[in-house]
Amino acid sequence: MKTDIQIAQEAELLHIKEVAAHLGIAEDELEFYGKYKAKLSDELMNRVKDQKDGKLILVTAINPTPAGEGKTTITVGLGEAFGVLGKKAVIALREPSLGPCFGIKGGAAGGGYAQVVPMEDLNLHFTGDFHAITSANNLLAAMLDNHLQQGNTLRIDPKQIVWKRCLDMNDRALRNVVIGMGGKMDGVVRQDRFQITVASEIMAILCLADDMTDLKKRLSEIIVAYNVDGEPVTAADLKAVGSMAALLKDAIKPNLIQTLEHTPALVHGGPFANIAHGCNSVRATKTALKLADYVVTEAGFGADLGAEKFLDIKCRKAGLKPDAIVLVATVRALKYNGGVAKADLGEENLAALKSGISNLEKHIENLQKFHVPVVVTLNQFVSDTEAEIAFIKSFCEERGCDFALANVWGEGGQGGVALAETILNTLETKPSEYTPLYADELSISDKIETIAREIYGASGVTFTAAAKKAMDRIEAMGMGNLPVCMAKTQYSLSDDAKKLGRPTGFTISVNEIYVSAGAGFVVAITGSIMTMPGLPKVPAAEGIDVDDNGVITGLF
């Protein structure tokens, strides 16, 4: 059986200008990064901005398990399937982070015959967007520390600095560091922290900004610290906005690549969904809607994280209205939620399936609270039995969800035709009445309580004293009306990764709260979640190599 990277390297790619031509994009409206990658120009986005929007389809999933779900694979395969049916479709995805690529999760290009390509470029440096974001973030950090060194006229309290440095790599040793060590000219000694680039506020800002004007406004509102009187100090106060924007001038433009079947894919931005808001850029999604009749996008990890943030943050802030939601599951993952060991998932086990399907049930209930029609799809494995599939199909239909099988990993677009046809029927017969879960006017604590109770199924929320103090400060600054971005483990509906299925009787522990004023949301850190991950005992990096001809192996 061929690996994903072998399939990708054997693909015959079209020049990206040919892919763009299918969407009516002229060659001079592209900014080329070689033959197979391009950025969309501002001229193109301005030209199409008044065109009618296509249909927006969100792909999400149950909580991830070691058994695998294949959300991005389904997203890519569904886009290809629309092409098989002769529909004009675009896929809108996030860019992969180097952290998972070299850590444990791998890349984010899809899999099998449902991949976006060039896979190696996408999973590694791509067009340099993440480097630009990292540089802009760390420029602001450098200017902050230089201000302290040069006299501190803004009266910044070194113990109330909230801006973190970042790096697009899993490096746990940088979670807590001391900087400024050495002599008098080596800076002010203070404790500092790093986070992974995909958790940074610059990443969120880039993904939520409408244009350069909006980007600069958001950058100016970043709170980096508080002064000795407890007043916020911003990036604008440090006069850092112009130089940060200059670093981001190309990164703000969406990237165009293609699938193995030449379906156009806009891949832009990459916030994680467990520690950030988990969606690709607003610019990419809005532009895709102007270019195609059907836009297939995804939100990271399970529906309790990525989909909730897509619906409560991205759609709310950008004025987007999703027309349908695809909820991805696998028979194997549902049996894993029912207590079956990974080694035994290939055996039929209806009892475990009936137990583990509670996880799928909760996600269906959650998504229906947003009043958007839901289609459940099973990403098929050869070990799935007719009895197992029939049980899940009946279970979903009893709960008002349409249902379809998909085998896009093995068959590409052809394997997603049944799913695409089901979605087309859903779009025709079940209009979306999208509504966010909570109102802007709720307090921060009430928003957190609403998400915890309604989405996670928690019995309540506990806040540390520091979190309560932070909420009071944020509301006193007039920012209590912002949506909340929950940082929580992806592996469970609770904040305990070991609680599988549909746990009950638990509380969510909120340990830290801070405002990302430029991004326009409040972040709540729950449980033991870290914004700088670490590498596993055997990182994926050990298996990656490149030969004398420049051919990369080991990426997945």
# chains A, B, ... in the order shown; residues from 1 in each chain; ligands from 1
call {"tool": "residues_around", "arguments": {"residues": "region 291-299 of chain A", "least_positions_apart": "4", "cutoff": "7 Å", "atoms": "only C-alpha atoms", "output": "list in words"}}
result
Leu23, Gly54, Lys55, Leu56, Ile57, Leu58, Val59, Thr60, Thr72, Thr75, Gly79, Lys88, Ala89, Val90, Ile91, Ala92, Leu93, Gly278, Cys279, Thr287, Gly306, Ala307 and Phe310 of chain A
call {"tool": "write_last_selection", "arguments": {"atoms": "all heavy atoms", "output": "compact mmCIF listing (two decimals), in the first residue's frame"}}
result
# COMPACT_ATOMS: atom_id res chain seq x y z
N LEU A 23 -11.51 28.99 -12.21
CA LEU A 23 -12.30 29.89 -11.36
C LEU A 23 -12.44 31.28 -11.96
O LEU A 23 -12.95 32.19 -11.31
CB LEU A 23 -11.64 30.00 -9.97
CG LEU A 23 -11.54 28.70 -9.15
CD1 LEU A 23 -10.75 28.95 -7.87
CD2 LEU A 23 -12.93 28.17 -8.83
N GLY A 54 -21.34 31.73 -2.87
CA GLY A 54 -21.73 30.33 -3.01
C GLY A 54 -22.20 29.79 -1.66
O GLY A 54 -22.38 30.53 -0.69
N LYS A 55 -22.40 28.49 -1.61
CA LYS A 55 -22.84 27.82 -0.39
C LYS A 55 -21.62 27.47 0.46
O LYS A 55 -20.61 26.98 -0.05
CB LYS A 55 -23.62 26.55 -0.72
CG LYS A 55 -24.91 26.79 -1.52
CD LYS A 55 -25.97 27.48 -0.68
CE LYS A 55 -27.30 27.53 -1.42
NZ LYS A 55 -28.35 28.22 -0.61
N LEU A 56 -21.73 27.70 1.78
CA LEU A 56 -20.63 27.43 2.70
C LEU A 56 -20.91 26.16 3.50
O LEU A 56 -21.91 26.07 4.21
CB LEU A 56 -20.45 28.62 3.65
CG LEU A 56 -19.33 28.51 4.70
CD1 LEU A 56 -17.97 28.28 4.03
CD2 LEU A 56 -19.30 29.76 5.57
N ILE A 57 -20.01 25.19 3.37
CA ILE A 57 -20.17 23.88 4.02
C ILE A 57 -19.00 23.67 4.98
O ILE A 57 -17.83 23.68 4.57
CB ILE A 57 -20.19 22.75 2.97
CG1 ILE A 57 -21.33 22.98 1.97
CG2 ILE A 57 -20.31 21.39 3.64
CD1 ILE A 57 -21.13 22.28 0.66
N LEU A 58 -19.31 23.51 6.26
CA LEU A 58 -18.29 23.27 7.27
C LEU A 58 -18.14 21.78 7.51
O LEU A 58 -19.13 21.07 7.67
CB LEU A 58 -18.67 23.95 8.59
CG LEU A 58 -17.79 23.61 9.80
CD1 LEU A 58 -16.39 24.19 9.63
CD2 LEU A 58 -18.43 24.10 11.09
N VAL A 59 -16.90 21.29 7.55
CA VAL A 59 -16.61 19.90 7.91
C VAL A 59 -15.98 19.88 9.29
O VAL A 59 -14.98 20.57 9.54
CB VAL A 59 -15.68 19.23 6.89
CG1 VAL A 59 -15.39 17.79 7.30
CG2 VAL A 59 -16.28 19.28 5.49
N THR A 60 -16.57 19.10 10.19
CA THR A 60 -16.04 18.94 11.54
C THR A 60 -16.08 17.46 11.90
O THR A 60 -16.31 16.62 11.02
CB THR A 60 -16.83 19.81 12.54
OG1 THR A 60 -16.23 19.71 13.84
CG2 THR A 60 -18.30 19.39 12.61
N THR A 72 -9.82 16.25 7.57
CA THR A 72 -9.26 16.98 6.43
C THR A 72 -9.35 16.13 5.16
O THR A 72 -9.61 16.66 4.07
CB THR A 72 -7.80 17.37 6.71
OG1 THR A 72 -7.74 18.13 7.93
CG2 THR A 72 -7.25 18.22 5.58
N THR A 75 -12.75 16.55 3.90
CA THR A 75 -12.90 17.90 3.34
C THR A 75 -12.37 17.95 1.92
O THR A 75 -13.03 18.45 1.00
CB THR A 75 -12.15 18.93 4.22
OG1 THR A 75 -12.64 18.86 5.56
CG2 THR A 75 -12.35 20.34 3.69
N GLY A 79 -14.56 18.13 -1.73
CA GLY A 79 -14.32 19.12 -2.79
C GLY A 79 -14.07 18.45 -4.13
O GLY A 79 -14.58 18.90 -5.17
N LYS A 88 -18.90 23.64 -9.45
CA LYS A 88 -17.78 24.56 -9.26
C LYS A 88 -17.53 24.71 -7.76
O LYS A 88 -18.32 25.33 -7.05
CB LYS A 88 -18.12 25.91 -9.89
CG LYS A 88 -16.96 26.89 -9.97
CD LYS A 88 -17.40 28.16 -10.68
CE LYS A 88 -16.26 29.15 -10.85
NZ LYS A 88 -16.74 30.41 -11.51
N ALA A 89 -16.46 24.11 -7.29
CA ALA A 89 -16.19 24.05 -5.85
C ALA A 89 -14.77 24.50 -5.54
O ALA A 89 -13.85 24.36 -6.35
CB ALA A 89 -16.40 22.64 -5.32
N VAL A 90 -14.60 25.03 -4.34
CA VAL A 90 -13.30 25.43 -3.81
C VAL A 90 -13.20 24.89 -2.38
O VAL A 90 -14.19 24.88 -1.64
CB VAL A 90 -13.11 26.96 -3.80
CG1 VAL A 90 -11.85 27.35 -3.04
CG2 VAL A 90 -13.03 27.50 -5.21
N ILE A 91 -12.01 24.44 -2.01
CA ILE A 91 -11.74 23.98 -0.65
C ILE A 91 -10.99 25.10 0.08
O ILE A 91 -10.10 25.73 -0.50
CB ILE A 91 -10.89 22.70 -0.67
CG1 ILE A 91 -11.64 21.59 -1.40
CG2 ILE A 91 -10.52 22.26 0.74
CD1 ILE A 91 -10.76 20.45 -1.84
N ALA A 92 -11.36 25.37 1.32
CA ALA A 92 -10.69 26.40 2.12
C ALA A 92 -10.15 25.75 3.40
O ALA A 92 -10.93 25.32 4.25
CB ALA A 92 -11.66 27.53 2.46
N LEU A 93 -8.84 25.66 3.50
CA LEU A 93 -8.18 24.95 4.60
C LEU A 93 -7.21 25.84 5.36
O LEU A 93 -6.84 26.92 4.90
CB LEU A 93 -7.40 23.75 4.05
CG LEU A 93 -8.17 22.62 3.37
CD1 LEU A 93 -7.19 21.65 2.72
CD2 LEU A 93 -9.06 21.91 4.37
N GLY A 278 -8.91 27.99 15.59
CA GLY A 278 -9.06 26.77 14.80
C GLY A 278 -9.65 26.87 13.41
O GLY A 278 -10.14 25.88 12.88
N CYS A 279 -9.63 28.05 12.78
CA CYS A 279 -10.24 28.21 11.45
C CYS A 279 -9.26 28.89 10.50
O CYS A 279 -8.41 29.67 10.92
CB CYS A 279 -11.50 29.07 11.53
SG CYS A 279 -12.68 28.58 12.80
N THR A 287 -13.26 35.04 -0.06
CA THR A 287 -12.88 35.05 -1.47
C THR A 287 -13.34 33.77 -2.15
O THR A 287 -13.84 33.80 -3.28
CB THR A 287 -11.35 35.20 -1.61
OG1 THR A 287 -10.94 36.40 -0.94
CG2 THR A 287 -10.94 35.29 -3.07
N GLY A 306 -13.26 23.20 17.30
CA GLY A 306 -13.21 23.93 16.04
C GLY A 306 -14.55 24.43 15.56
O GLY A 306 -14.70 25.60 15.17
N ALA A 307 -15.56 23.57 15.55
CA ALA A 307 -16.86 23.98 15.03
C ALA A 307 -17.49 25.04 15.92
O ALA A 307 -18.08 26.02 15.42
CB ALA A 307 -17.79 22.78 14.89
N PHE A 310 -15.71 28.21 15.10
CA PHE A 310 -16.12 28.65 13.75
C PHE A 310 -17.47 29.36 13.82
O PHE A 310 -17.66 30.43 13.24
CB PHE A 310 -16.19 27.44 12.82
CG PHE A 310 -16.64 27.75 11.42
CD1 PHE A 310 -15.72 28.11 10.44
CD2 PHE A 310 -17.98 27.68 11.08
CE1 PHE A 310 -16.13 28.39 9.15
CE2 PHE A 310 -18.40 27.96 9.79
CZ PHE A 310 -17.48 28.32 8.82
call {"tool": "select_by_dssp", "arguments": {"residues": "region 106-344 of chain A", "states": "strand (DSSP E)", "output": "VMD selection string"}}
result
chain A and resid 110 to 111 114 to 117 156 to 161 165 to 167 177 to 179 190 to 192 194 to 196 223 to 227 232 to 234 255 to 259 264 to 267 294 to 298 324 to 329
call {"tool": "write_last_selection", "arguments": {"atoms": "N, CA and C atoms", "output": "short mmCIF file (atom, residue, chain, number, x, y, z; two decimals), in the first residue's frame"}}
result
data_model
loop_
_atom_site.label_atom_id
_atom_site.label_comp_id
_atom_site.auth_asym_id
_atom_site.auth_seq_id
_atom_site.Cartn_x
_atom_site.Cartn_y
_atom_site.Cartn_z
N GLY A 110 -4.55 16.19 4.16
CA GLY A 110 -5.46 15.12 3.80
C GLY A 110 -4.70 13.82 3.72
N GLY A 111 -5.27 12.83 3.02
CA GLY A 111 -4.60 11.55 2.94
C GLY A 111 -5.07 10.70 1.79
N ALA A 114 -7.15 11.77 -1.45
CA ALA A 114 -7.84 13.03 -1.15
C ALA A 114 -6.85 13.94 -0.43
N GLN A 115 -5.90 14.47 -1.21
CA GLN A 115 -4.85 15.32 -0.66
C GLN A 115 -4.77 16.62 -1.44
N VAL A 116 -4.27 17.66 -0.75
CA VAL A 116 -3.86 18.88 -1.45
C VAL A 116 -2.36 18.79 -1.67
N VAL A 117 -1.94 19.29 -2.81
CA VAL A 117 -0.54 19.17 -3.22
C VAL A 117 -0.05 20.52 -3.77
N ILE A 156 5.85 50.75 32.01
CA ILE A 156 5.40 49.35 31.97
C ILE A 156 5.85 48.63 33.23
N ASP A 157 4.92 47.90 33.83
CA ASP A 157 5.24 47.07 34.99
C ASP A 157 5.80 45.74 34.48
N PRO A 158 7.08 45.46 34.70
CA PRO A 158 7.67 44.21 34.18
C PRO A 158 6.97 42.95 34.68
N LYS A 159 6.26 43.05 35.80
CA LYS A 159 5.54 41.89 36.32
C LYS A 159 4.15 41.74 35.70
N GLN A 160 3.76 42.71 34.86
CA GLN A 160 2.46 42.64 34.20
C GLN A 160 2.60 42.65 32.67
N ILE A 161 3.69 42.07 32.18
CA ILE A 161 3.86 41.90 30.73
C ILE A 161 3.14 40.62 30.32
N ARG A 165 6.66 35.58 23.41
CA ARG A 165 7.36 35.26 22.18
C ARG A 165 6.77 33.98 21.60
N CYS A 166 7.09 33.66 20.33
CA CYS A 166 6.53 32.44 19.75
C CYS A 166 7.53 31.77 18.81
N LEU A 167 7.24 30.52 18.51
CA LEU A 167 8.06 29.70 17.62
C LEU A 167 7.15 28.62 17.05
N VAL A 177 10.86 30.83 30.64
CA VAL A 177 12.28 31.17 30.50
C VAL A 177 12.57 32.47 31.24
N VAL A 178 13.83 32.71 31.49
CA VAL A 178 14.29 33.99 32.04
C VAL A 178 15.14 34.66 30.97
N ILE A 179 14.83 35.90 30.66
CA ILE A 179 15.58 36.64 29.63
C ILE A 179 16.30 37.82 30.26
N ARG A 190 13.87 39.43 33.34
CA ARG A 190 12.48 39.14 33.70
C ARG A 190 12.11 37.73 33.24
N GLN A 191 11.04 37.21 33.77
CA GLN A 191 10.52 35.93 33.32
C GLN A 191 9.71 36.14 32.06
N ASP A 192 9.86 35.22 31.10
CA ASP A 192 9.13 35.32 29.84
C ASP A 192 8.59 33.94 29.49
N PHE A 194 7.20 31.41 25.94
CA PHE A 194 6.98 31.19 24.52
C PHE A 194 5.68 30.42 24.34
N GLN A 195 5.02 30.63 23.21
CA GLN A 195 3.92 29.78 22.79
C GLN A 195 4.17 29.39 21.34
N ILE A 196 3.49 28.36 20.87
CA ILE A 196 3.65 27.97 19.48
C ILE A 196 2.97 29.02 18.60
N ILE A 223 -2.80 44.23 23.33
CA ILE A 223 -2.33 44.61 24.67
C ILE A 223 -1.09 43.78 24.99
N VAL A 224 0.03 44.45 25.19
CA VAL A 224 1.29 43.76 25.45
C VAL A 224 1.62 43.69 26.93
N ALA A 225 1.08 44.67 27.71
CA ALA A 225 1.43 44.76 29.12
C ALA A 225 0.47 45.75 29.79
N TYR A 226 0.66 45.92 31.08
CA TYR A 226 -0.06 46.94 31.83
C TYR A 226 0.97 47.80 32.55
N ASN A 227 0.67 49.09 32.70
CA ASN A 227 1.63 49.97 33.37
C ASN A 227 1.45 49.90 34.89
N PRO A 232 -3.75 49.42 30.31
CA PRO A 232 -3.16 48.63 29.22
C PRO A 232 -2.16 49.41 28.38
N VAL A 233 -1.11 48.73 27.97
CA VAL A 233 -0.12 49.26 27.03
C VAL A 233 -0.23 48.45 25.75
N THR A 234 -0.34 49.12 24.61
CA THR A 234 -0.61 48.44 23.34
C THR A 234 0.57 48.49 22.38
N ASN A 255 -3.39 31.76 -0.14
CA ASN A 255 -2.59 30.90 -1.02
C ASN A 255 -3.49 29.96 -1.81
N LEU A 256 -3.17 29.78 -3.09
CA LEU A 256 -3.91 28.87 -3.96
C LEU A 256 -3.03 27.68 -4.33
N ILE A 257 -3.53 26.46 -4.06
CA ILE A 257 -2.90 25.24 -4.56
C ILE A 257 -4.01 24.35 -5.12
N GLN A 258 -3.77 23.05 -5.23
CA GLN A 258 -4.76 22.16 -5.86
C GLN A 258 -4.80 20.82 -5.16
N THR A 259 -5.85 20.07 -5.40
CA THR A 259 -5.92 18.70 -4.91
C THR A 259 -5.32 17.76 -5.96
N PRO A 264 -9.43 23.45 -6.95
CA PRO A 264 -8.71 24.56 -6.31
C PRO A 264 -8.86 24.52 -4.79
N ALA A 265 -7.78 24.88 -4.11
CA ALA A 265 -7.78 24.91 -2.64
C ALA A 265 -7.11 26.20 -2.17
N LEU A 266 -7.84 26.98 -1.40
CA LEU A 266 -7.28 28.16 -0.75
C LEU A 266 -6.84 27.76 0.65
N VAL A 267 -5.55 27.82 0.90
CA VAL A 267 -4.98 27.36 2.17
C VAL A 267 -4.30 28.55 2.83
N TYR A 294 -19.77 26.25 -4.40
CA TYR A 294 -19.72 25.47 -3.16
C TYR A 294 -18.33 25.61 -2.55
N VAL A 295 -18.29 26.01 -1.29
CA VAL A 295 -17.03 26.15 -0.56
C VAL A 295 -17.04 25.16 0.60
N VAL A 296 -16.03 24.30 0.61
CA VAL A 296 -15.90 23.28 1.67
C VAL A 296 -14.74 23.69 2.56
N THR A 297 -15.03 23.97 3.81
CA THR A 297 -13.98 24.37 4.75
C THR A 297 -14.01 23.45 5.96
N GLU A 298 -12.98 23.53 6.80
CA GLU A 298 -12.94 22.68 7.98
C GLU A 298 -12.52 23.50 9.19
N ALA A 324 -24.50 24.31 5.67
CA ALA A 324 -24.59 22.91 6.11
C ALA A 324 -23.32 22.56 6.86
N ILE A 325 -23.44 21.56 7.73
CA ILE A 325 -22.29 21.06 8.49
C ILE A 325 -22.17 19.56 8.25
N VAL A 326 -20.96 19.11 7.92
CA VAL A 326 -20.67 17.68 7.78
C VAL A 326 -19.93 17.23 9.03
N LEU A 327 -20.47 16.25 9.71
CA LEU A 327 -19.88 15.71 10.93
C LEU A 327 -19.25 14.35 10.62
N VAL A 328 -17.93 14.26 10.75
CA VAL A 328 -17.18 13.07 10.36
C VAL A 328 -16.97 12.15 11.56
N ALA A 329 -17.20 10.87 11.33
CA ALA A 329 -16.91 9.84 12.34
C ALA A 329 -16.37 8.61 11.62
#
call {"tool": "residues_around", "arguments": {"residues": "Glu386 (chain A)", "least_positions_apart": "5", "cutoff": "12 Å", "atoms": "only C-alpha atoms", "output": "mmCIF file with all heavy atoms, in the first residue's frame"}}
result
data_model
loop_
_atom_site.group_PDB
_atom_site.id
_atom_site.type_symbol
_atom_site.label_atom_id
_atom_site.label_comp_id
_atom_site.auth_asym_id
_atom_site.auth_seq_id
_atom_site.Cartn_x
_atom_site.Cartn_y
_atom_site.Cartn_z
ATOM 1 N N VAL A 331 -16.320 4.153 12.246
ATOM 2 C CA VAL A 331 -16.752 3.028 13.072
ATOM 3 C C VAL A 331 -15.689 2.728 14.120
ATOM 4 O O VAL A 331 -15.991 2.500 15.300
ATOM 5 C CB VAL A 331 -17.032 1.794 12.194
ATOM 6 C CG1 VAL A 331 -17.289 0.560 13.062
ATOM 7 C CG2 VAL A 331 -18.205 2.046 11.258
ATOM 8 N N GLU A 348 -15.848 -6.754 14.504
ATOM 9 C CA GLU A 348 -17.202 -6.248 14.726
ATOM 10 C C GLU A 348 -17.537 -6.305 16.214
ATOM 11 O O GLU A 348 -17.308 -7.311 16.874
ATOM 12 C CB GLU A 348 -18.223 -7.065 13.936
ATOM 13 C CG GLU A 348 -19.656 -6.553 14.095
ATOM 14 C CD GLU A 348 -20.648 -7.322 13.242
ATOM 15 O OE1 GLU A 348 -20.732 -7.029 12.037
ATOM 16 O OE2 GLU A 348 -21.322 -8.217 13.783
ATOM 17 N N ASN A 349 -18.092 -5.179 16.723
ATOM 18 C CA ASN A 349 -18.439 -5.129 18.146
ATOM 19 C C ASN A 349 -19.577 -4.129 18.308
ATOM 20 O O ASN A 349 -19.366 -2.954 18.593
ATOM 21 C CB ASN A 349 -17.221 -4.712 18.974
ATOM 22 C CG ASN A 349 -17.451 -4.882 20.464
ATOM 23 O OD1 ASN A 349 -18.567 -4.755 20.955
ATOM 24 N ND2 ASN A 349 -16.378 -5.158 21.196
ATOM 25 N N LEU A 350 -20.791 -4.603 18.121
ATOM 26 C CA LEU A 350 -21.959 -3.725 18.176
ATOM 27 C C LEU A 350 -22.215 -3.199 19.586
ATOM 28 O O LEU A 350 -22.703 -2.070 19.748
ATOM 29 C CB LEU A 350 -23.192 -4.468 17.657
ATOM 30 C CG LEU A 350 -23.220 -4.686 16.136
ATOM 31 C CD1 LEU A 350 -24.364 -5.611 15.754
ATOM 32 C CD2 LEU A 350 -23.350 -3.358 15.413
ATOM 33 N N GLN A 380 -14.934 5.563 5.656
ATOM 34 C CA GLN A 380 -14.951 4.100 5.673
ATOM 35 C C GLN A 380 -13.577 3.447 5.804
ATOM 36 O O GLN A 380 -12.589 3.939 5.255
ATOM 37 C CB GLN A 380 -15.609 3.566 4.399
ATOM 38 C CG GLN A 380 -17.125 3.581 4.432
ATOM 39 C CD GLN A 380 -17.710 2.816 3.265
ATOM 40 O OE1 GLN A 380 -17.853 3.358 2.174
ATOM 41 N NE2 GLN A 380 -18.043 1.557 3.487
ATOM 42 N N PHE A 381 -13.568 2.343 6.526
ATOM 43 C CA PHE A 381 -12.429 1.440 6.600
ATOM 44 C C PHE A 381 -12.887 0.068 6.106
ATOM 45 O O PHE A 381 -14.073 -0.279 6.201
ATOM 46 C CB PHE A 381 -11.907 1.332 8.042
ATOM 47 C CG PHE A 381 -11.104 2.512 8.512
ATOM 48 C CD1 PHE A 381 -11.730 3.727 8.803
ATOM 49 C CD2 PHE A 381 -9.735 2.431 8.657
ATOM 50 C CE1 PHE A 381 -10.998 4.822 9.245
ATOM 51 C CE2 PHE A 381 -8.992 3.521 9.101
ATOM 52 C CZ PHE A 381 -9.617 4.714 9.386
ATOM 53 N N PHE A 391 -26.373 0.314 11.783
ATOM 54 C CA PHE A 391 -26.719 0.826 13.110
ATOM 55 C C PHE A 391 -26.474 2.333 13.191
ATOM 56 O O PHE A 391 -27.316 3.099 13.679
ATOM 57 C CB PHE A 391 -25.919 0.106 14.189
ATOM 58 C CG PHE A 391 -26.062 0.727 15.552
ATOM 59 C CD1 PHE A 391 -27.222 0.556 16.276
ATOM 60 C CD2 PHE A 391 -25.040 1.502 16.090
ATOM 61 C CE1 PHE A 391 -27.369 1.140 17.537
ATOM 62 C CE2 PHE A 391 -25.171 2.094 17.329
ATOM 63 C CZ PHE A 391 -26.342 1.909 18.060
ATOM 64 N N ILE A 392 -25.310 2.773 12.691
ATOM 65 C CA ILE A 392 -24.971 4.207 12.761
ATOM 66 C C ILE A 392 -25.908 5.020 11.867
ATOM 67 O O ILE A 392 -26.373 6.102 12.259
ATOM 68 C CB ILE A 392 -23.497 4.421 12.355
ATOM 69 C CG1 ILE A 392 -22.570 3.717 13.350
ATOM 70 C CG2 ILE A 392 -23.165 5.915 12.299
ATOM 71 C CD1 ILE A 392 -21.122 3.660 12.923
ATOM 72 N N LYS A 393 -26.205 4.520 10.689
ATOM 73 C CA LYS A 393 -27.105 5.225 9.772
ATOM 74 C C LYS A 393 -28.469 5.442 10.424
ATOM 75 O O LYS A 393 -29.018 6.545 10.424
ATOM 76 C CB LYS A 393 -27.255 4.432 8.471
ATOM 77 C CG LYS A 393 -28.158 5.078 7.424
ATOM 78 C CD LYS A 393 -28.159 4.245 6.142
ATOM 79 C CE LYS A 393 -28.924 4.930 5.021
ATOM 80 N NZ LYS A 393 -30.373 5.000 5.290
ATOM 81 N N LEU A 405 -22.007 7.521 3.347
ATOM 82 C CA LEU A 405 -20.679 6.923 3.470
ATOM 83 C C LEU A 405 -19.701 7.654 2.575
ATOM 84 O O LEU A 405 -20.083 8.255 1.560
ATOM 85 C CB LEU A 405 -20.731 5.446 3.066
ATOM 86 C CG LEU A 405 -21.572 4.521 3.940
ATOM 87 C CD1 LEU A 405 -21.648 3.131 3.304
ATOM 88 C CD2 LEU A 405 -21.000 4.435 5.346
#
call {"tool": "residues_around", "arguments": {"residues": "Ala540 (chain A)", "least_positions_apart": "3", "cutoff": "9 Å", "atoms": "only C-alpha atoms", "output": "number ranges by chain"}}
result
A: 100-106, 535-536, 543-544, 554-556
call {"tool": "atom_distance", "arguments": {"atom1": "CA of Val522 (chain A)", "atom2": "CA of Thr65 (chain A)"}}
result
28.1 Å
call {"tool": "residues_around", "arguments": {"residues": "Gly400 (chain A)", "least_positions_apart": "2", "cutoff": "12 Å", "atoms": "only C-alpha atoms", "output": "list in words"}}
result
Glu361, Ile364, Glu365, Leu367, Gln368, His371, Val372, Pro373, Val374, Val375, Val376, Lys393, Ser394, Phe395, Cys396, Glu397, Glu398, Asp402, Phe403, Thr426 and Lys430 of chain A
call {"tool": "closest_residue", "arguments": {"among": "A:Tyr434, A:Gly480, A:His125, A:Ala26", "to": "Phe521 (chain A)", "atoms": "only C-alpha atoms"}}
result
A:Gly480
call {"tool": "closest_residue", "arguments": {"among": "A:Ser445, A:Gln9, A:Leu353, A:Pro483", "to": "Ala387 (chain A)", "atoms": "only C-alpha atoms"}}
result
A:Leu353
